[in-house]
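Down below is the structure, laid out as structure tokens.
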Amino acid sequence: MTFLNAILLAGAAAFLIPLIIHLLNKRRVTVVAWGAMHLLQEALRQKKKNLRIEQLLLLLIRIAIPIMLALCLARPVMSFFSQLPGMNKSSLVVLLDNSYSMRAPAVGGTVRDQARNDLRRVLDSLPRGSDASVILAGNPPKLLLDQPTTALDLIPQKLQTESSLAGPLDLNNAFQLAQSEAKRMGTGSREVLLMSDFQQSDWRSVAEGGTIAALETLKKTQPAPSLTFYHLGSDLHENLTLASVEPSAFVVAKEQTIALRTRVQNHGQRAYQDILVQLEADGAKVRSTRISVAPNAETVLTLTHAFATAGDHTLTVRVEGDSFVEDNAYSLVIPVREQVDTLLVRGDSGAGPLAGATDFLEIALTPQQSAKATLKDVIHTSNVAWREFHGRGYGPKNALEGTEVVVLANVQKLPQKQMNDLEDFVKSGGGLIIFAGPECDLQWYEREFYRNGQGLMPCSIKGFGHVDEGQTPARILSQRYTHPATSYFNDARGMKLQDGAFQHWMRFEKIEGDARVLLSLDRGDALMVEKPFGKGRVIAVASTANAQWNNFPLQPVFVPLMQRLVTYLATQSAAPQSQPCGTGLRVTLRKEQLKEVFTVTDPQNQTHEIQPRDEQEKGVFLDYADTQQPGIYEVRSNSAPKNEPSRHFAFNLNAAESDLTQLAEAKTREVATRFGAGYAGNYEDYERLDRTRRHGTEIWQPLLLLLILLLFAEVFLQQRISRA
């Protein structure tokens, strides 16, 4: 016998209470001689004997009541009863891999079809009265049904509408959810069944000896559930995928060309020749090209396009040529704007050409204007000296009116009024970039701008770093960049961030909380640090925006980097260009739109009507959660005029699932053995494994019935004794 809540057995010690009370009430009787007493002795002798038996029985019942109550709360499980008819019910928790690699072709359909068919057979084999719960284990894990069910036929029906296009298998969170779900199951006979294709990319760390913390915790629960790894196989090992599509800018002007750096990856041993790659703009094909991809390699190509009208436009890249089509398209939303207004606030610098604190910035942000070209720059700059900078509330001198991004370069300090206006500007959604310089008052920056982490400055400043004459200059640390503003330079042909040489810089410290490092120097110091501030963001740069402390502004990479930083900050309140599938779609609305009804059109051209929600101080939002299908989602108000443009949102699959290589069967068995799990490669294996197991049955229900009977008996005997 085992107990689900063994610690509650301690409550059985309460049986001592009636026993102690009985002993305390037991006292010696003083005998008083009475002449007529001998006439009653014979009658009293028999009655006294019966009374003692009843009192002893009452004591035993009172002792048994707390013991029975403690047993019920501890939920005992008896394996013996599992052999009796009607007492062999069990509980099954299924962790079903719904990542999109399960859509790979297999015998009789796809791996997903195979999993659903085998799961139906597993459910059909459960004894009558058993309950089951299914956890969809792809990222993010979620329950198929709100609670465990004994209506087992509901599970296959519900799975028919499940898309199986989630991200990579999230093992730890899935087992954590399984632990919570097991506590809600109806019997002590429990099994956790993991059905997966055991994709190598999902299991690599575990296969190399890593642990799954939530699984280790699950195994320690009592009674410990039996665990089974069910390996579902695929016949497909070759796959061509669109690994990524990186736009050259976050926002472009009308007629301005945007470049898409496209990575086509080959996961397999077969070479792909003359593969068609197509570019679609707003749903229409605009150009195509052909490429070849070597085995286990990738091909990078650049596609370009320009839009003639302002607004949100969509671009989709498609590749053709393999049998697994789920990951052969990648979509983006491109905001086309009239202009992005940027205010440059310059500090004191030396005289002469390009010696000003913002001279290089102005050229980098408006290269067409600087070159007197006919094309229009999307970024429009205004330039003001720091002593002449005014914030809000200055009438015609209101410098922040209409501004989206402010850049401070080598600014000594700001008056309190301008500081307050700048803080309000960023809190309301504006962007701010702070470049260091020799004129910066470090004490003021630390005291007023950083303000122990409460101010605009993302981090503290603790002196300077420098390179002595004759030493190798500091350079940007080479690494895999993940920030949206810098990820484009992971494969920037002819433009390397490492080309810049730095002789002098500020030392940033206390990079804490929401602050994050964008770029670092190879000397160990941070070069760029970002932090959110209200609805906006601030980026601090440790060196100058001109060539005073470094030669970075002289490098070709300086122009696209500065443009990406500015346009990144300017589009923070807009929808992302691309989001992972499964991420909730959220649209910020105006207060007056609260009572409107909106229609969401998904990539399958299915429409869904959604009502906005008012989150009080946060604002009014439209939320739509079902974004598992990759592609373009369109959002439109039902009451909007026909000529009003719709909002568009792009969702794409996680490229990590595109490598269909699975763990070898021997390796999967080894992992299963290490975690104390059974292994099954098909339903017949699972059936044989299940027959070798013995499950227990919870018996707290009959114990509860016995407890109720004891309570009735206690009341009956108490009344009988009191009448005697």
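Each chain in the structure tokens gets a letter, A, B and so on, in the order shown; residues start at 1 in every chain, and ligands are counted from 1 in the order they appear.
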Next item on the list: as a ChimeraX atom specification, please: all residues of segment 510-631 of chain A that backbone DSSP puts in strand (DSSP E or B).
Entry: /A:516-521,526-533,536-541,550,579-580,585-589,598-601,607-610,613-614,620-624,631
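Excluding Gln454 of chain A itself and any same-chain residue fewer than 6 positions from it, the protein and nucleic acid residues within 12 Å of it, counting only C-alpha atoms, are Glu423, Glu446, Arg447, Glu448, Ser460, Glu512, Gly513, Asp514, Ala515, Lys531, Pro532, Phe533 and Gly534 of chain A.
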Could the residues in this selection be saved with C-alpha atoms as an mmCIF file, in the first residue's frame?
```cif
data_model
loop_
_atom_site.group_PDB
_atom_site.id
_atom_site.type_symbol
_atom_site.label_atom_id
_atom_site.label_comp_id
_atom_site.auth_asym_id
_atom_site.auth_seq_id
_atom_site.Cartn_x
_atom_site.Cartn_y
_atom_site.Cartn_z
ATOM 1 C CA GLU A 423 11.448 61.682 -19.802
ATOM 2 C CA GLU A 446 25.272 59.676 -12.795
ATOM 3 C CA ARG A 447 23.192 61.890 -10.522
ATOM 4 C CA GLU A 448 20.391 63.095 -12.839
ATOM 5 C CA SER A 460 25.853 53.700 -14.502
ATOM 6 C CA GLU A 512 20.704 45.418 -14.333
ATOM 7 C CA GLY A 513 16.996 44.671 -14.491
ATOM 8 C CA ASP A 514 15.508 45.209 -17.956
ATOM 9 C CA ALA A 515 18.736 46.672 -19.352
ATOM 10 C CA LYS A 531 16.525 49.513 -21.604
ATOM 11 C CA PRO A 532 12.772 50.119 -21.835
ATOM 12 C CA PHE A 533 11.444 53.286 -20.218
ATOM 13 C CA GLY A 534 7.674 53.541 -20.063
#
```
Notebook entry, point to check: What is the distance between atom CA of Arg475 of chain A and atom CA of Gln563 of chain A, in Å to one decimal?
Noted result: 20.6 Å
Item checked: alpha helix (DSSP H) positions in segment 147-276 of chain A, given as an MDAnalysis selection string -> chainID A and resid 154:159 171:182 200:207 213:219
Closest contacts (segment 625-686 of chain A/segment 169-192 of chain A, max 12 Å, only C-alpha atoms) as CSV:
```
residue,atom,partner,partner_atom,distance
A:Asn654,CA,A:Leu169,CA,11.1
A:Ala656,CA,A:Leu169,CA,10.3
A:Glu657,CA,A:Leu169,CA,9.0
A:Gly676,CA,A:Val192,CA,11.9
A:Ala677,CA,A:Val192,CA,9.4
A:Gly678,CA,A:Val192,CA,10.4
```
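Atom pair atom CA of Leu497 of chain A / atom CA of Asn410 of chain A: separated by 21.9 Å.
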